[in-house]
file work_19.txt (compact mmCIF, C-alpha atoms)
# COMPACT_ATOMS: atom_id res chain seq x y z
CA MET A 1 175.97 89.08 -15.36
CA VAL A 2 177.20 88.05 -11.95
CA PRO A 3 174.31 86.64 -9.88
CA GLN A 4 173.45 88.81 -6.91
CA LEU A 5 174.14 87.26 -3.51
CA PRO A 6 171.37 86.90 -0.94
CA PRO A 7 171.16 89.78 1.57
CA GLU A 8 172.19 87.53 4.46
CA ILE A 9 175.49 86.68 2.77
CA GLN A 10 176.12 90.31 1.83
CA LEU A 11 175.55 91.41 5.43
CA ALA A 12 177.77 88.61 6.75
CA GLN A 13 180.61 89.71 4.45
CA ARG A 14 180.32 93.31 5.60
CA LEU A 15 180.09 92.28 9.25
CA ALA A 16 183.45 90.49 8.90
CA GLY A 17 185.11 93.40 7.09
CA ASN A 18 188.47 94.88 8.02
CA GLU A 19 187.25 98.44 8.60
CA GLN A 20 185.38 99.22 11.81
CA VAL A 21 183.17 101.79 10.05
CA THR A 22 182.00 99.11 7.62
CA ARG A 23 181.25 96.68 10.44
CA ASP A 24 179.29 99.22 12.50
CA ARG A 25 177.23 100.23 9.49
CA ALA A 26 176.51 96.57 8.72
CA VAL A 27 175.26 95.97 12.30
CA ARG A 28 172.82 98.88 12.03
CA LYS A 29 171.58 97.68 8.65
CA LEU A 30 171.15 94.17 10.02
CA ARG A 31 168.88 95.40 12.79
CA LYS A 32 166.68 97.28 10.33
CA TYR A 33 166.58 94.26 8.03
CA ILE A 34 165.50 91.96 10.89
CA VAL A 35 162.70 94.30 11.94
CA ALA A 36 161.42 94.75 8.38
CA ARG A 37 161.52 91.06 7.52
CA THR A 38 159.94 89.69 10.70
CA GLN A 39 157.06 92.19 10.61
CA ARG A 40 155.54 90.43 7.60
CA ALA A 41 153.25 87.52 8.28
CA ALA A 42 154.94 85.31 5.67
CA GLY A 43 158.38 86.64 6.56
CA GLY A 44 160.97 85.24 8.88
CA PHE A 45 164.37 83.59 8.68
CA THR A 46 165.33 80.02 8.02
CA HIS A 47 167.83 78.13 10.13
CA ASP A 48 170.59 78.31 7.49
CA GLU A 49 170.08 82.04 6.96
CA LEU A 50 170.50 82.80 10.65
CA LEU A 51 173.60 80.61 10.79
CA LYS A 52 175.13 82.78 8.05
CA VAL A 53 174.14 85.93 9.93
CA TRP A 54 175.70 84.65 13.14
CA LYS A 55 178.91 83.70 11.37
CA GLY A 56 179.24 87.32 10.25
CA LEU A 57 178.44 88.57 13.78
CA PHE A 58 180.98 86.15 15.26
CA TYR A 59 183.80 87.53 13.09
CA CYS A 60 182.57 91.06 13.69
CA MET A 61 183.27 90.45 17.38
CA TRP A 62 186.51 88.69 16.48
CA MET A 63 187.83 91.78 14.67
CA GLN A 64 186.88 94.25 17.42
CA ASP A 65 189.69 95.55 19.63
CA LYS A 66 189.72 97.61 22.87
CA PRO A 67 187.64 96.42 25.85
CA LEU A 68 185.14 99.30 25.94
CA LEU A 69 184.35 98.97 22.23
CA GLN A 70 184.05 95.19 22.65
CA GLU A 71 181.55 95.68 25.47
CA GLU A 72 179.51 98.13 23.41
CA LEU A 73 179.49 95.81 20.38
CA GLY A 74 178.54 92.80 22.53
CA ARG A 75 175.61 94.75 23.97
CA THR A 76 174.47 95.78 20.48
CA ILE A 77 174.68 92.22 19.14
CA SER A 78 172.89 90.67 22.13
CA GLN A 79 170.06 93.20 21.89
CA LEU A 80 169.29 92.09 18.33
CA VAL A 81 167.10 89.40 19.89
CA HIS A 82 164.51 92.09 20.68
CA ALA A 83 164.33 93.09 17.01
CA PHE A 84 162.54 89.83 16.19
CA GLN A 85 158.77 90.26 16.38
CA THR A 86 157.80 86.65 17.18
CA THR A 87 158.85 84.26 19.91
CA GLU A 88 159.68 81.49 17.43
CA ALA A 89 162.06 83.78 15.55
CA GLN A 90 163.73 84.82 18.81
CA HIS A 91 164.27 81.21 19.84
CA LEU A 92 165.67 80.36 16.41
CA PHE A 93 168.06 83.32 16.70
CA LEU A 94 169.24 82.12 20.14
CA GLN A 95 169.54 78.52 18.97
CA THR A 96 171.77 79.48 16.03
CA PHE A 97 173.89 81.62 18.36
CA TRP A 98 174.70 78.70 20.67
CA GLN A 99 175.28 76.42 17.68
CA THR A 100 177.72 78.98 16.25
CA MET A 101 179.58 79.22 19.56
CA ASN A 102 179.82 75.42 19.79
CA ARG A 103 181.16 75.21 16.24
CA GLU A 104 183.71 78.03 16.48
CA TRP A 105 184.84 77.58 20.10
CA THR A 106 187.88 75.40 19.43
CA GLY A 107 189.30 78.00 17.02
CA ILE A 108 189.27 80.86 19.54
CA ASP A 109 192.72 81.73 20.88
CA ARG A 110 193.28 82.58 24.52
CA LEU A 111 193.63 86.32 23.82
CA ARG A 112 190.07 86.49 22.46
CA LEU A 113 188.37 84.21 24.99
CA ASP A 114 187.32 86.99 27.37
CA LYS A 115 185.24 88.91 24.85
CA PHE A 116 183.37 85.78 23.78
CA TYR A 117 182.76 84.89 27.42
CA MET A 118 181.28 88.38 27.74
CA LEU A 119 179.16 87.89 24.60
CA MET A 120 177.68 84.64 25.97
CA ARG A 121 176.83 86.35 29.23
CA MET A 122 175.13 89.26 27.45
CA VAL A 123 173.11 87.02 25.11
CA LEU A 124 171.90 84.95 28.07
CA LYS A 125 170.92 88.10 29.94
CA GLU A 126 168.94 89.49 26.96
CA SER A 127 167.17 86.16 26.46
CA LEU A 128 166.05 86.28 30.10
CA LYS A 129 164.96 89.89 29.62
CA ALA A 130 162.77 88.74 26.74
CA LEU A 131 161.03 86.38 29.18
CA LYS A 132 160.61 89.24 31.63
CA MET A 133 158.96 91.37 28.94
CA ARG A 134 156.38 88.59 28.52
CA ALA A 135 155.70 88.50 32.29
CA TRP A 136 157.52 85.18 32.81
CA GLU A 137 154.94 83.03 31.01
CA GLU A 138 155.30 79.40 31.92
CA ARG A 139 155.23 78.21 28.32
CA GLN A 140 157.94 80.68 27.29
CA ILE A 141 160.12 79.59 30.20
CA GLU A 142 159.78 75.94 29.23
CA GLN A 143 160.68 76.63 25.60
CA LEU A 144 163.80 78.60 26.49
CA LEU A 145 164.98 76.02 29.03
CA GLU A 146 164.44 73.22 26.54
CA LEU A 147 166.48 75.12 23.94
CA LEU A 148 169.37 75.74 26.37
CA THR A 149 169.33 72.16 27.63
CA THR A 150 169.36 70.71 24.12
CA GLU A 151 172.12 72.94 22.77
CA ILE A 152 174.41 73.08 25.82
CA LEU A 153 173.74 70.66 28.68
CA LEU A 154 172.75 67.36 27.06
CA PRO A 155 175.53 64.87 26.27
CA ASP A 156 174.31 64.70 22.66
CA SER A 157 174.98 68.44 22.19
CA GLN A 158 178.17 69.53 20.47
CA ALA A 159 178.98 72.03 23.22
CA PRO A 160 182.66 72.00 24.31
CA ASN A 161 183.55 71.90 27.99
CA GLY A 162 184.41 75.60 28.01
CA VAL A 163 180.94 76.61 26.81
CA LYS A 164 179.22 74.26 29.28
CA SER A 165 181.29 75.37 32.25
CA HIS A 166 180.82 79.07 31.56
CA PHE A 167 177.08 78.70 30.99
CA ILE A 168 176.60 76.83 34.27
CA GLU A 169 178.71 79.40 36.11
CA ILE A 170 176.80 82.47 34.92
CA PHE A 171 173.22 81.12 34.79
CA LEU A 172 172.09 81.89 38.35
CA GLU A 173 173.99 85.16 38.42
CA GLU A 174 172.29 86.52 35.28
CA LEU A 175 168.90 85.16 36.34
CA ALA A 176 169.24 87.01 39.66
CA LYS A 177 170.15 90.27 37.90
CA VAL A 178 167.09 90.11 35.67
CA GLY A 179 164.35 88.60 37.82
CA ALA A 180 165.34 88.43 41.49
CA SER A 181 162.73 91.04 42.42
CA GLU A 182 159.89 89.34 40.51
CA LEU A 183 160.46 85.58 40.43
CA THR A 184 158.88 83.37 43.07
CA ALA A 185 160.40 80.29 44.65
CA ASP A 186 158.29 77.98 42.43
CA GLN A 187 159.46 79.75 39.28
CA ASN A 188 163.09 79.56 40.39
CA LEU A 189 162.65 75.82 40.94
CA LYS A 190 161.52 75.49 37.30
CA PHE A 191 164.62 77.33 36.14
CA ILE A 192 167.00 74.93 37.94
CA ASP A 193 165.00 71.79 37.10
CA PRO A 194 167.10 71.00 33.96
CA PHE A 195 170.26 71.14 36.06
CA CYS A 196 168.74 68.67 38.53
CA ARG A 197 167.98 66.23 35.72
CA ILE A 198 171.39 66.56 34.08
CA ALA A 199 173.20 66.19 37.43
CA ALA A 200 171.38 62.91 38.07
CA GLN A 201 171.89 61.50 34.57
CA THR A 202 175.28 62.70 33.35
CA LYS A 203 178.32 60.45 33.24
CA ASP A 204 180.69 63.38 32.79
CA SER A 205 182.34 64.13 36.13
CA LEU A 206 183.26 67.66 35.03
CA VAL A 207 179.64 68.57 34.24
CA LEU A 208 178.53 67.07 37.57
CA HIS A 209 181.15 69.08 39.46
CA ASN A 210 180.25 72.32 37.68
CA ILE A 211 176.52 71.91 38.32
CA ASN A 212 177.12 70.99 41.94
CA ARG A 213 179.38 74.00 42.47
CA GLY A 214 177.74 76.56 40.22
CA ILE A 215 174.07 75.81 41.04
CA PHE A 216 173.48 73.84 44.24
CA GLU A 217 176.40 75.07 46.34
CA THR A 218 175.65 78.64 45.24
CA ILE A 219 172.07 78.26 46.49
CA VAL A 220 173.35 76.99 49.85
CA GLU A 221 175.95 79.77 50.19
CA GLN A 222 173.44 82.50 49.36
CA ALA A 223 170.79 81.20 51.78
CA PRO A 224 171.57 83.70 54.61
CA LEU A 225 171.49 86.58 52.11
CA ALA A 226 168.20 85.37 50.66
CA ILE A 227 166.61 85.22 54.12
CA GLU A 228 167.92 88.70 54.91
CA ASP A 229 166.45 90.08 51.66
CA LEU A 230 163.12 88.45 52.43
CA MET A 231 163.04 90.00 55.91
CA ASN A 232 163.91 93.41 54.48
CA GLU A 233 161.09 93.14 51.94
CA MET A 234 158.63 92.23 54.67
CA GLU A 235 159.76 95.20 56.78
CA GLU A 236 159.40 97.54 53.80
CA GLU A 237 155.89 96.26 53.11
CA GLU A 238 154.94 96.79 56.74
CA GLU A 239 156.34 100.34 56.65
CA GLU A 240 154.42 101.10 53.47
CA GLU A 241 151.20 99.81 55.00
CA GLU A 242 151.75 101.92 58.11
CA GLY A 243 152.50 104.97 55.94
CA GLU A 244 149.34 104.48 53.91
CA MET A 245 147.28 104.13 57.07
CA SER A 246 148.78 107.32 58.53
CA GLU A 247 148.10 109.20 55.27
CA ASP A 248 144.48 108.03 55.28
CA ASP A 249 144.07 109.19 58.88
CA GLY A 250 145.61 112.59 58.06
CA GLN A 251 143.36 113.09 55.04
CA GLU A 252 140.30 112.27 57.13
CA GLN A 253 141.36 114.96 59.63
CA GLY A 254 142.04 117.47 56.82
CA VAL A 255 145.86 117.48 57.10
CA PRO A 256 147.64 117.36 53.72
CA SER A 257 150.26 114.67 53.14
CA LYS A 258 153.92 115.54 53.65
CA LYS A 259 154.88 113.98 50.33
CA LEU A 260 153.14 116.84 48.47
CA PHE A 261 155.59 119.34 49.95
CA GLU A 262 158.74 117.25 49.54
CA LYS A 263 161.15 118.39 46.81
CA PRO A 264 163.59 116.11 45.07
CA PRO A 265 167.16 116.93 46.13
CA GLY A 266 169.29 118.78 43.64
CA GLY A 267 166.95 119.99 40.90
CA SER A 268 163.71 119.21 39.14
CA CYS A 269 161.54 116.17 39.51
CA GLY A 270 162.39 114.78 36.07
CA ALA A 271 166.12 115.01 36.71
CA ALA A 272 165.69 113.28 40.04
CA LEU A 273 163.72 110.46 38.43
CA GLY A 274 166.33 109.95 35.74
CA LEU A 275 169.09 109.92 38.32
CA GLY A 276 167.19 107.45 40.45
CA GLU A 277 166.77 105.08 37.50
CA GLU A 278 170.47 105.20 36.72
CA GLN A 279 171.41 104.66 40.36
CA GLY A 280 168.92 101.80 40.57
CA GLU A 281 170.53 100.04 37.63
CA ASP A 282 173.98 100.57 39.11
CA ASP A 283 172.83 99.26 42.49
CA GLU A 284 171.39 96.14 40.90
CA ASP A 285 174.66 95.38 39.19
CA SER A 286 176.89 96.28 42.16
CA THR A 287 175.06 94.79 45.14
CA GLY A 288 174.09 91.50 43.48
CA ALA A 289 170.51 90.39 43.99
CA VAL A 290 169.73 86.96 45.46
CA LEU A 291 167.10 84.49 44.28
CA GLN A 292 164.52 83.07 46.67
CA PHE A 293 164.17 79.27 46.90
CA ASP A 294 162.00 76.82 48.76
CA TYR A 295 164.83 74.65 50.08
CA GLU A 296 162.58 71.75 51.02
CA ALA A 297 161.09 71.67 47.51
CA VAL A 298 164.57 71.76 45.94
CA ALA A 299 165.72 68.93 48.24
CA ASN A 300 162.65 66.84 47.34
CA ARG A 301 163.19 67.40 43.63
CA LEU A 302 166.86 66.42 43.87
CA PHE A 303 165.99 63.33 45.92
CA GLU A 304 163.42 62.30 43.33
CA MET A 305 166.03 62.52 40.57
CA ALA A 306 168.88 60.95 42.53
CA SER A 307 166.83 57.98 43.79
CA HIS A 308 166.30 56.53 40.30
CA GLN A 309 167.99 53.23 39.59
CA SER A 310 169.63 54.64 36.46
CA THR A 311 171.48 57.30 38.48
CA PRO A 312 175.22 56.52 38.76
CA SER A 313 176.46 55.90 42.29
CA GLN A 314 178.96 58.76 42.12
CA ASN A 315 176.20 61.22 41.20
CA ARG A 316 173.94 59.88 43.94
CA LYS A 317 176.59 60.38 46.63
CA ARG A 318 177.28 63.96 45.54
CA LEU A 319 173.60 64.85 45.34
CA TYR A 320 172.76 63.29 48.71
CA LYS A 321 175.32 65.59 50.36
CA VAL A 322 173.62 68.59 48.78
CA ILE A 323 170.19 67.27 49.82
CA ARG A 324 171.29 67.11 53.47
CA LYS A 325 172.43 70.72 53.36
CA LEU A 326 169.17 71.83 51.78
CA GLN A 327 167.16 69.90 54.39
CA ASP A 328 169.13 71.64 57.14
CA LEU A 329 168.32 75.00 55.54
CA ALA A 330 164.64 74.07 55.39
CA GLU A 331 164.75 73.32 59.14
CA GLY A 332 166.42 76.66 59.88
CA LEU A 333 170.01 75.41 60.30
CA PHE A 334 172.20 77.76 58.32
CA PRO A 335 175.87 77.18 57.41
CA GLU A 336 178.42 78.60 59.86
CA GLU A 337 179.11 82.26 59.30
CA ASP A 338 182.71 82.03 60.53
CA ILE A 339 183.85 79.70 57.75
CA PRO A 340 185.38 82.51 55.68
CA GLU A 341 187.16 83.82 58.80
CA GLU A 342 188.53 80.36 59.57
CA ALA A 343 189.67 79.98 55.98
CA TYR A 344 191.44 83.35 56.18
CA ARG A 345 193.08 82.38 59.49
CA GLY A 346 194.26 79.09 58.02
CA ARG A 347 195.74 80.91 55.07
CA GLN A 348 197.65 83.27 57.36
CA GLU A 349 198.95 80.34 59.40
CA GLY A 350 200.09 78.67 56.21
CA ARG A 351 202.04 81.77 55.23
CA LYS A 352 203.69 81.93 58.67
CA GLY A 353 204.68 78.28 58.38
CA ARG A 354 206.28 78.84 54.99
CA LYS A 355 208.20 81.84 56.33
CA ALA A 356 209.43 79.78 59.33
CA LYS A 357 210.82 77.14 56.98
CA LYS A 358 212.88 79.78 55.17
CA ARG A 359 214.53 81.01 58.40
CA SER A 360 218.15 80.22 59.24
CA PRO A 361 218.97 77.37 61.67
CA LYS A 362 220.14 79.93 64.25
CA SER A 363 216.76 81.72 64.29
CA GLN A 364 214.96 78.36 64.49
CA LEU A 365 217.12 77.43 67.51
CA GLN A 366 216.23 80.73 69.17
CA ASP A 367 212.53 80.15 68.53
CA LYS A 368 212.72 76.66 70.02
CA THR A 369 214.60 77.74 73.15
CA GLY A 370 212.13 80.58 73.71
CA LYS A 371 212.18 82.37 77.01
CA GLY A 372 214.77 80.12 78.66
CA GLU A 373 217.65 82.10 77.14
CA GLN A 374 216.30 85.40 78.29
CA GLU A 375 215.68 84.27 81.86
CA ASP A 376 219.16 82.76 82.48
CA PRO A 377 221.92 84.70 80.63
CA CYS A 378 224.64 83.47 83.01
CA ALA A 379 224.16 79.90 81.95
CA ASP A 380 224.56 80.99 78.32
CA LEU A 381 227.86 82.81 79.08
CA SER A 382 229.27 79.87 81.03
CA SER A 383 228.48 77.48 78.20
CA ARG A 384 230.28 79.78 75.73
CA SER A 385 233.41 79.95 77.95
CA GLU A 386 233.47 76.17 78.25
CA ARG A 387 233.35 75.86 74.47
CA LYS A 388 236.30 78.28 74.17
CA ARG A 389 238.41 76.32 76.67
CA ARG A 390 237.78 73.08 74.82
CA HIS A 391 238.73 74.69 71.56
CA GLN A 392 241.91 76.47 72.87
CA GLY A 393 243.23 73.55 74.87
CA PRO A 394 243.79 72.82 78.56
CA GLY A 395 246.68 75.27 79.14
CA ALA A 396 245.23 78.35 77.42
CA ASP A 397 244.29 81.48 79.24
CA PRO A 398 240.62 82.28 78.64
CA ALA A 399 241.18 86.03 79.41
CA ALA A 400 243.87 86.41 76.71
CA PRO A 401 242.69 88.02 73.45
CA GLN A 402 242.38 85.65 70.53
CA GLU A 403 242.90 86.48 66.88
CA GLN A 404 239.84 86.26 64.70
CA PRO A 405 240.36 83.79 61.88
CA GLY A 406 238.43 85.92 59.38
CA GLY A 407 240.58 89.05 59.88
CA ARG A 408 240.36 92.03 62.17
CA GLY A 409 237.05 92.18 64.02
CA ARG A 410 235.42 89.54 61.81
CA ARG A 411 234.01 86.15 62.46
CA GLY A 412 234.71 83.34 60.11
CA VAL A 413 235.56 79.75 59.73
CA ARG A 414 239.00 78.81 61.08
CA LYS A 415 241.39 78.28 58.21
CA ARG A 416 243.25 75.04 57.98
CA ARG A 417 246.95 74.94 57.23
CA ARG A 418 247.78 73.65 53.83
CA GLN A 419 249.49 70.31 54.05
CA PRO A 420 252.01 69.25 51.43
CA GLN A 421 250.64 66.92 48.83
CA ALA A 422 251.77 63.36 48.66
CA GLY A 423 253.84 63.91 45.48
CA ALA A 424 255.55 67.15 46.61
CA ARG A 425 259.21 67.18 47.63
CA ALA A 426 260.10 68.19 51.19
CA LYS A 427 263.10 70.35 52.08
CA VAL A 428 266.07 68.31 53.29
CA PRO A 429 268.98 70.02 55.07
CA GLY A 430 272.20 69.94 53.06
CA CYS A 431 270.52 69.72 49.67
CA GLN A 432 270.77 72.50 47.19
CA GLU A 433 267.65 73.92 45.58
CA PRO A 434 267.43 74.37 41.78
CA GLY A 435 267.59 78.17 42.03
CA MET A 436 270.83 78.09 44.00
CA LYS A 437 272.35 75.64 41.55
CA LYS A 438 271.71 77.97 38.58
CA LYS A 439 273.26 80.90 40.44
CA TRP A 440 276.44 78.91 41.18
CA LYS A 441 276.80 77.99 37.53
CA ARG A 442 276.64 81.65 36.46
CA GLU A 443 279.29 82.65 39.02
CA SER A 444 281.63 79.87 37.86
CA LYS A 445 281.43 81.06 34.22
CA LYS A 446 282.58 84.51 35.22
call {"tool": "encode", "arguments": {"input": "work_19.txt", "output": "structure tokens"}}
result
Amino acid sequence: MVPQLPPEIQLAQRLAGNEQVTRDRAVRKLRKYIVARTQRAAGGFTHDELLKVWKGLFYCMWMQDKPLLQEELGRTISQLVHAFQTTEAQHLFLQTFWQTMNREWTGIDRLRLDKFYMLMRMVLKESLKALKMRAWEERQIEQLLELLTTEILLPDSQAPNGVKSHFIEIFLEELAKVGASELTADQNLKFIDPFCRIAAQTKDSLVLHNINRGIFETIVEQAPLAIEDLMNEMEEEEEEEEGEMSEDDGQEQGVPSKKLFEKPPGGSCGAALGLGEEQGEDDEDSTGAVLQFDYEAVANRLFEMASHQSTPSQNRKRLYKVIRKLQDLAEGLFPEEDIPEEAYRGRQEGRKGRKAKKRSPKSQLQDKTGKGEQEDPCADLSSRSERKRRHQGPGADPAAPQEQPGGRGRRGVRKRRRQPQAGARAKVPGCQEPGMKKKWKRESKK
């Protein structure tokens, strides 16, 4: 008898199948299998078993075509993290995912890169949602950050540059989507603390540049938006407090609240609630929430890391520039709001300069002379007549019509007369040409 394969290997083989129906069915079975196995106290997956599962999921994504179906499959795969019943199993599932991406990254061709970029973004978002479901516990945050730092950011990790760069680029964006409305400035500082340590210790200039651009510069650029959001929240809280006070006063006087008589627009209350939830999710994705930071605390933490003796001088210089910007933000000095407008103006000027270089010499001469030609047309006509006299000679009549060298009514370059070459024979009077000689011979024969 042929020995039966373990269920993980069987699922991995079906996940990498050629038929889409087989792959979809295997994904559904995998979810049920994860739920059933992790519910038992003695159950759970080993590291090698999850690596096999993730290899099947990787090639399931590899085989999927069409962007909408790829997005749906990526969402289904990333949400498998919620099927695990324990935090340790979830972290092991995420760890094996990043290890699989690090191992298989160099074999991905450029046509399939986008869908794996999307898969990494979705898995990161679902891992942050798992923290949100546990009310952002400090211990859970530390465990997840340690896992991500070990598998992606540390120099000892096997992560390629593409995985590192993309992770750094999307981290703050996905964190803002999930927890911008709940996270405090102290919690946000904990989330960026690994990036502060890596930026001060790394000897890889690419990692330093990506962290500086994707984390610190993003915080500085979003500072005006973060302050605006904070002011809006404070205004909303004040309005709510005023509304509650007015309602209490009305109830004391026996006047019913207006909210009891308000009807949701366009249908029943349940439909309005469902519509509001969908619109709220769309607004979160479209507007782009902004994280709140204590800029002075971030500057102090960066200075503490950059001031170590082991910090390379190049890293220290880059971080000190960021620290100055953060200190200015803490003092209330925001970056100039007209920088994008200046950049746009400079781009337009650059385009005009390139167009001016492509112009003909005649148009350039007209641009240089400017208004002088328009103000004195007589001087221009006299200069043209002088040029004609020089060209025609001293005895020519300037009023006489001249033939155009390029034909009737055309301008062109004056043609030069062809001069006889050095080896050509010139006509000499009295000499007979070869054609005449042949004709004389024929006449003599007659």
call {"tool": "residues_near_point", "arguments": {"input": "work_19.txt", "point": "(178.6, 60.7, 42.8)", "cutoff": "10 Å", "atoms": "all atoms listed in the file", "output": "list in words"}}
result
Ala199, Ala200, Lys203, Ser205, Leu208, His209, Ala306, Thr311, Pro312, Ser313, Gln314, Asn315, Arg316, Lys317, Arg318, Leu319, Tyr320 and Lys321 of chain A
call {"tool": "atom_distance", "arguments": {"input": "work_19.txt", "atom1": "CA of Asn18 (chain A)", "atom2": "CA of Asp114 (chain A)"}}
result
20.9 Å
call {"tool": "atom_distance", "arguments": {"input": "work_19.txt", "atom1": "CA of Ser78 (chain A)", "atom2": "CA of Arg213 (chain A)"}}
result
27.1 Å
call {"tool": "residues_around", "arguments": {"input": "work_19.txt", "residues": "Pro160 (chain A)", "least_positions_apart": "2", "cutoff": "12 Å", "atoms": "only C-alpha atoms", "output": "PyMOL selection string"}}
result
chain A and resi 98-107+151-158+162-167+206-207
call {"tool": "write_last_selection", "arguments": {"input": "work_19.txt", "atoms": "C-alpha atoms", "output": "mmCIF file, in the coordinates of the input"}}
result
data_model
loop_
_atom_site.group_PDB
_atom_site.id
_atom_site.type_symbol
_atom_site.label_atom_id
_atom_site.label_comp_id
_atom_site.auth_asym_id
_atom_site.auth_seq_id
_atom_site.Cartn_x
_atom_site.Cartn_y
_atom_site.Cartn_z
ATOM 1 C CA TRP A 98 174.700 78.700 20.670
ATOM 2 C CA GLN A 99 175.280 76.420 17.680
ATOM 3 C CA THR A 100 177.720 78.980 16.250
ATOM 4 C CA MET A 101 179.580 79.220 19.560
ATOM 5 C CA ASN A 102 179.820 75.420 19.790
ATOM 6 C CA ARG A 103 181.160 75.210 16.240
ATOM 7 C CA GLU A 104 183.710 78.030 16.480
ATOM 8 C CA TRP A 105 184.840 77.580 20.100
ATOM 9 C CA THR A 106 187.880 75.400 19.430
ATOM 10 C CA GLY A 107 189.300 78.000 17.020
ATOM 11 C CA GLU A 151 172.120 72.940 22.770
ATOM 12 C CA ILE A 152 174.410 73.080 25.820
ATOM 13 C CA LEU A 153 173.740 70.660 28.680
ATOM 14 C CA LEU A 154 172.750 67.360 27.060
ATOM 15 C CA PRO A 155 175.530 64.870 26.270
ATOM 16 C CA ASP A 156 174.310 64.700 22.660
ATOM 17 C CA SER A 157 174.980 68.440 22.190
ATOM 18 C CA GLN A 158 178.170 69.530 20.470
ATOM 19 C CA GLY A 162 184.410 75.600 28.010
ATOM 20 C CA VAL A 163 180.940 76.610 26.810
ATOM 21 C CA LYS A 164 179.220 74.260 29.280
ATOM 22 C CA SER A 165 181.290 75.370 32.250
ATOM 23 C CA HIS A 166 180.820 79.070 31.560
ATOM 24 C CA PHE A 167 177.080 78.700 30.990
ATOM 25 C CA LEU A 206 183.260 67.660 35.030
ATOM 26 C CA VAL A 207 179.640 68.570 34.240
#
call {"tool": "residues_around", "arguments": {"input": "work_19.txt", "residues": "Ala89 (chain A)", "least_positions_apart": "2", "cutoff": "10 Å", "atoms": "all atoms listed in the file", "output": "VMD selection string"}}
result
chain A and resid 38 44 to 47 50 81 83 to 87 91 to 95
